[in-house]
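Undergrad: My structure file run_24.cif, mmCIF, C-alpha atoms, is below:
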data_entry
loop_
_atom_site.label_atom_id
_atom_site.label_comp_id
_atom_site.auth_asym_id
_atom_site.auth_seq_id
_atom_site.Cartn_x
_atom_site.Cartn_y
_atom_site.Cartn_z
CA ASP A 29 88.91 54.27 139.56
CA ALA A 30 85.31 54.65 140.70
CA LYS A 31 83.29 56.65 138.19
CA THR A 32 81.01 59.63 138.60
CA THR A 33 78.21 60.84 136.34
CA GLN A 34 77.09 64.43 136.06
CA PRO A 35 74.74 66.32 133.76
CA ASN A 36 76.58 67.84 130.82
CA SER A 37 75.25 71.32 131.43
CA MET A 38 73.03 73.38 133.71
CA GLU A 39 71.75 76.93 133.81
CA SER A 40 71.02 79.17 136.72
CA ASN A 41 69.80 82.69 137.19
CA GLU A 42 72.13 85.08 138.92
CA GLU A 43 71.65 85.35 142.69
CA GLU A 44 69.67 82.11 142.87
CA PRO A 45 70.87 78.87 144.48
CA VAL A 46 72.33 76.18 142.26
CA HIS A 47 72.29 72.46 142.98
CA LEU A 48 74.81 70.47 140.94
CA PRO A 49 74.19 66.72 141.21
CA CYS A 50 76.68 63.88 140.98
CA ASN A 51 76.07 60.14 140.99
CA HIS A 52 78.76 57.75 142.19
CA SER A 53 76.99 54.45 142.73
CA THR A 54 80.24 52.41 142.80
CA ILE A 55 81.89 54.53 145.49
CA SER A 56 83.93 52.56 148.00
CA GLY A 57 83.87 53.12 151.73
CA THR A 58 87.13 55.05 151.78
CA ASP A 59 86.58 57.27 148.73
CA TYR A 60 86.42 60.98 149.39
CA ILE A 61 84.09 63.08 147.23
CA HIS A 62 85.86 66.13 145.82
CA TRP A 63 84.58 68.99 143.72
CA TYR A 64 86.75 71.15 141.52
CA ARG A 65 85.76 73.85 139.10
CA GLN A 66 87.47 75.34 136.08
CA LEU A 67 86.79 78.88 135.02
CA PRO A 68 87.36 79.74 131.34
CA SER A 69 91.04 79.81 130.39
CA GLN A 70 92.19 78.87 133.88
CA GLY A 71 93.42 75.76 135.64
CA PRO A 72 90.99 73.82 137.84
CA GLU A 73 90.52 75.00 141.41
CA TYR A 74 89.48 73.08 144.47
CA VAL A 75 85.98 73.80 145.76
CA ILE A 76 85.14 71.39 148.56
CA HIS A 77 85.40 67.76 149.65
CA GLY A 78 83.78 65.37 152.10
CA LEU A 79 83.58 61.75 153.17
CA THR A 80 80.24 61.12 154.84
CA SER A 81 78.93 64.27 156.50
CA ASN A 82 77.70 67.39 154.77
CA VAL A 83 80.35 70.09 154.51
CA ASN A 84 80.28 73.86 154.23
CA ASN A 85 82.98 76.32 153.30
CA ARG A 86 83.13 79.86 152.03
CA MET A 87 82.65 78.76 148.44
CA ALA A 88 79.91 76.15 148.63
CA SER A 89 78.17 73.37 150.51
CA LEU A 90 78.40 69.67 149.84
CA ALA A 91 75.43 67.46 150.61
CA ILE A 92 76.21 63.74 150.66
CA ALA A 93 73.46 61.12 150.48
CA GLU A 94 73.22 58.74 153.38
CA ASP A 95 74.20 55.78 151.18
CA ARG A 96 76.99 57.91 149.62
CA LYS A 97 75.92 56.95 146.11
CA SER A 98 75.23 60.54 145.21
CA SER A 99 76.14 64.05 146.27
CA THR A 100 75.12 67.60 145.48
CA LEU A 101 77.27 70.70 145.29
CA ILE A 102 75.28 73.73 146.39
CA LEU A 103 76.17 77.26 145.42
CA HIS A 104 73.97 79.35 147.66
CA ARG A 105 73.81 82.41 145.46
CA ALA A 106 75.14 82.10 141.93
CA THR A 107 77.14 84.97 140.54
CA LEU A 108 78.43 85.48 137.01
CA ARG A 109 81.88 84.49 138.30
CA ASP A 110 80.53 81.03 139.11
CA ALA A 111 80.08 80.21 135.42
CA ALA A 112 82.50 77.32 135.02
CA VAL A 113 82.82 73.59 134.49
CA TYR A 114 82.28 71.74 137.75
CA TYR A 115 83.91 68.36 138.26
CA CYS A 116 82.82 65.76 140.81
CA ILE A 117 85.71 63.43 141.58
CA LEU A 118 86.36 60.47 143.86
CA ARG A 119 89.76 60.13 145.47
CA ALA A 120 90.76 56.97 147.31
CA THR A 121 92.87 56.98 150.42
CA SER A 122 95.66 54.89 148.97
CA TYR A 123 96.62 57.42 146.30
CA ASP A 124 95.44 60.89 145.52
CA LYS A 125 95.72 61.71 141.85
CA VAL A 126 92.71 63.61 140.59
CA ILE A 127 90.87 61.92 137.71
CA PHE A 128 88.49 64.23 135.86
CA GLY A 129 85.35 63.31 133.96
CA PRO A 130 83.57 65.64 131.53
CA GLY A 131 82.01 67.69 134.36
CA THR A 132 78.96 69.96 134.31
CA SER A 133 79.16 73.24 132.45
CA LEU A 134 77.28 75.82 134.50
CA SER A 135 75.93 78.93 132.81
CA VAL A 136 74.75 81.82 134.96
CA ILE A 137 72.16 84.10 133.41
CA PRO A 138 72.18 87.74 134.49
CA ASP B 5 102.10 81.67 148.76
CA THR B 6 102.71 82.15 145.05
CA GLY B 7 100.77 79.06 144.01
CA VAL B 8 101.74 76.71 141.20
CA SER B 9 103.43 78.50 138.34
CA GLN B 10 103.97 77.24 134.82
CA ASP B 11 106.22 78.54 132.10
CA PRO B 12 105.69 79.42 129.34
CA ARG B 13 101.98 80.23 129.28
CA HIS B 14 101.84 79.83 125.53
CA LYS B 15 104.05 77.99 123.06
CA ILE B 16 103.75 77.75 119.30
CA THR B 17 106.06 75.28 117.64
CA LYS B 18 106.51 73.63 114.28
CA ARG B 19 105.75 69.96 113.86
CA GLY B 20 108.80 67.87 114.58
CA GLN B 21 110.38 70.29 117.04
CA ASN B 22 111.02 69.52 120.69
CA VAL B 23 109.42 71.57 123.45
CA THR B 24 109.95 71.72 127.20
CA PHE B 25 107.60 73.08 129.82
CA ARG B 26 108.41 73.95 133.40
CA CYS B 27 106.30 73.71 136.53
CA ASP B 28 107.14 75.20 139.91
CA PRO B 29 104.90 73.67 142.59
CA ILE B 30 103.99 75.10 145.96
CA SER B 31 107.20 74.79 147.91
CA GLU B 32 106.26 72.29 150.63
CA HIS B 33 104.23 70.03 148.34
CA ASN B 34 105.73 66.60 147.80
CA ARG B 35 103.41 65.50 144.99
CA LEU B 36 103.40 66.94 141.52
CA TYR B 37 101.08 66.01 138.66
CA TRP B 38 100.93 66.67 134.93
CA TYR B 39 97.71 66.73 132.94
CA ARG B 40 96.75 67.41 129.35
CA GLN B 41 93.50 69.09 128.37
CA THR B 42 92.00 69.48 124.91
CA LEU B 43 89.14 71.79 124.06
CA GLY B 44 85.82 70.77 125.61
CA GLN B 45 87.31 67.89 127.61
CA GLY B 46 88.27 67.49 131.22
CA PRO B 47 91.96 67.31 132.08
CA GLU B 48 93.56 63.91 131.42
CA PHE B 49 96.10 62.56 133.88
CA LEU B 50 99.59 62.03 132.43
CA THR B 51 101.98 61.34 135.28
CA TYR B 52 102.82 62.15 138.86
CA PHE B 53 105.80 62.41 141.17
CA GLN B 54 106.29 61.81 144.85
CA ASN B 55 109.29 64.02 145.56
CA GLU B 56 111.75 63.14 142.78
CA ALA B 57 110.32 59.68 142.07
CA GLN B 58 107.98 59.29 139.11
CA LEU B 59 105.39 56.90 140.52
CA GLU B 60 102.86 56.53 137.75
CA LYS B 61 102.60 57.19 134.04
CA SER B 62 99.41 57.11 132.01
CA ARG B 63 99.12 55.17 128.77
CA LEU B 64 98.69 58.61 127.20
CA LEU B 65 102.34 59.35 127.88
CA SER B 66 103.97 58.05 124.72
CA ASP B 67 107.71 57.52 124.28
CA ARG B 68 107.99 61.05 122.93
CA PHE B 69 107.00 62.45 126.32
CA SER B 70 109.32 62.57 129.29
CA ALA B 71 108.92 64.21 132.66
CA GLU B 72 111.46 64.85 135.35
CA ARG B 73 111.51 66.30 138.80
CA PRO B 74 115.15 66.58 139.84
CA LYS B 75 115.68 67.20 143.54
CA GLY B 76 111.94 66.97 144.13
CA SER B 77 111.29 70.63 143.43
CA PHE B 78 110.38 71.97 139.98
CA SER B 79 109.41 69.64 137.15
CA THR B 80 109.84 69.66 133.41
CA LEU B 81 107.74 68.00 130.74
CA GLU B 82 109.44 67.49 127.39
CA ILE B 83 107.75 66.51 124.18
CA GLN B 84 110.05 65.34 121.40
CA ARG B 85 109.19 65.44 117.70
CA THR B 86 105.91 67.25 118.32
CA GLU B 87 102.83 66.32 116.32
CA GLN B 88 99.70 68.34 115.64
CA GLY B 89 97.80 66.03 117.98
CA ASP B 90 99.97 67.26 120.83
CA SER B 91 98.27 70.65 120.67
CA ALA B 92 96.58 71.06 124.03
CA MET B 93 96.75 72.78 127.39
CA TYR B 94 99.31 71.15 129.68
CA LEU B 95 98.45 71.57 133.33
CA CYS B 96 100.59 71.03 136.38
CA ALA B 97 99.28 70.51 139.90
CA SER B 98 100.82 69.91 143.30
CA SER B 99 99.59 68.65 146.63
CA LEU B 100 100.80 67.56 150.01
CA GLY B 101 100.38 63.82 149.81
CA ARG B 102 99.72 61.82 152.93
CA ARG B 103 99.72 58.08 153.32
CA THR B 104 96.18 58.08 154.68
CA GLY B 105 93.15 60.06 153.75
CA GLY B 106 92.02 61.26 150.35
CA GLY B 107 91.36 64.71 151.62
CA THR B 108 94.41 66.61 150.39
CA GLU B 109 93.47 69.15 147.75
CA ALA B 110 95.48 69.65 144.59
CA PHE B 111 96.46 73.12 143.46
CA PHE B 112 96.66 73.71 139.72
CA GLY B 113 98.71 76.11 137.68
CA GLN B 114 97.32 78.19 134.83
CA GLY B 115 98.69 75.80 132.27
CA THR B 116 100.86 76.00 129.15
CA ARG B 117 98.93 76.15 125.91
CA LEU B 118 100.82 74.35 123.16
CA THR B 119 100.00 74.86 119.51
CA VAL B 120 101.79 72.68 116.98
CA VAL B 121 101.63 74.05 113.44
#
Go through the file and emit its structure as structure tokens.
TA:
Amino acid sequence: DAKTTQPNSMESNEEEPVHLPCNHSTISGTDYIHWYRQLPSQGPEYVIHGLTSNVNNRMASLAIAEDRKSSTLILHRATLRDAAVYYCILRATSYDKVIFGPGTSLSVIP
Amino acid sequence: DTGVSQDPRHKITKRGQNVTFRCDPISEHNRLYWYRQTLGQGPEFLTYFQNEAQLEKSRLLSDRFSAERPKGSFSTLEIQRTEQGDSAMYLCASSLGRRTGGGTEAFFGQGTRLTVV
């Protein structure tokens, strides 16, 4: 499985944008980049995914580098409910189990 | 859509006892996954099913662990002769697997927290 590296933790002020980085230098051409998050005492939830182009949905935006070796999850306006562990994950086309790393623990300061 | 449901939410058992957890996936999802998560760590993959077939098992799944998915619907995870090291959150997820594309999202349940005393 291709690996991803993320900072262990980040802080953001409430109502400010948050940029969560992820490096995946060994990504293969068919790997999709997925982001999940896990709120305290809950199961992980899907946030967004993409292959090559930047993606937007109601939760977040995903910016993918041109060489695909890194990506950034963007929360446009952090709220206290966004405090969670965010996982950047690669999923190949041939199988789709989700393999989690340690993730980034995001704290949101009121 | 009731999502993925797991039962029980919490289980306390004595060392050496057997426990069984149940997962009900989203009804049309053909893939079902089990994960284990300990405090401060990301979820660790245990096993997954495509319909009723168990397609992959992690090295983490010792002989004391067994998972089934009869008829390709709900799944059970049994742990025999529990040990204190089995204490963890056990998560179930389901997705609609396709032969091409890695773009299918997985939906997770709330998990079963097991405490072995």
Undergrad: Which one is closest to Val113 of chain A: A:Pro138, A:Gly71, A:Pro45, A:Gly57? Count all atoms listed in the file.
TA: A:Gly71
Undergrad: Could you list, as a PyMOL selection string, every residue within 8 Å of Tyr74 of chain A, counting only C-alpha atoms and ignoring same-chain residues fewer than 5 positions away?
TA: (chain A and resi 62-65) or (chain B and resi 109-111)
Undergrad: Report, in Å with one decimal, the straight-line distance from atom CA of His47 of chain A to atom CA of Ile102 of chain A.
TA: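 We find that atom CA of His47 of chain A and atom CA of Ile102 of chain A lie 4.7 Å from each other.
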Undergrad: Quick check: residues of chain A within 8 Å of chain B, only C-alpha atoms, returned as a list in words.
TA: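 Every residue meeting the condition is included here: Asp59, Tyr60, Ser69, Gln70, Gly71, Pro72, Glu73, Tyr74, His77, Gly78, Arg119, Ala120, Thr121, Ser122, Tyr123, Asp124, Lys125, Val126, Ile127, Phe128, Gly129, Pro130 and Gly131 of chain A.
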Undergrad: Please evaluate the PyMOL selection byres ((chain B and resi 23) around 7) against the structure above and give the resulting residues as a PDB file with C-alpha atoms, in the coordinates of the input.
TA:
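Result file is part-v2.pdb:
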ATOM      1  CA  GLN B  21     110.380  70.290 117.040  1.00  0.00           C
ATOM      2  CA  ASN B  22     111.020  69.520 120.690  1.00  0.00           C
ATOM      3  CA  THR B  24     109.950  71.720 127.200  1.00  0.00           C
ATOM      4  CA  PHE B  25     107.600  73.080 129.820  1.00  0.00           C
ATOM      5  CA  GLU B  82     109.440  67.490 127.390  1.00  0.00           C
ATOM      6  CA  ILE B  83     107.750  66.510 124.180  1.00  0.00           C
ATOM      7  CA  GLN B  84     110.050  65.340 121.400  1.00  0.00           C
TER       8      GLN B  84
END
Undergrad: Have a look at atom CA of Pro12 of chain B and atom CA of Leu81 of chain B and let me know their distance in Å, one decimal.
TA: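 Atom CA of Leu81 of chain B lies 11.7 Å from atom CA of Pro12 of chain B.
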Undergrad: Quick one: residues within 7 Å of segment 15-17 of chain B, all atoms listed in the file counted, chain neighbours fewer than 6 positions away excluded, as a PyMOL selection string?
TA: chain B and resi 117-121
Undergrad: Have a look at atom CA of Gln58 of chain B and atom CA of Ile76 of chain A and let me know their distance in Å, one decimal.
TA: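 Atom CA of Gln58 of chain B sits 27.5 Å away from atom CA of Ile76 of chain A.
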Undergrad: Got a sec to resolve the PyMOL selection byres ((chain A and resi 33) around 6) on this structure and send the residues as a list of chain:residue names?
TA: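 With the PyMOL selection byres ((chain A and resi 33) around 6) on this model, the match is A:Thr32, A:Gln34, A:Cys50, A:Asn51.
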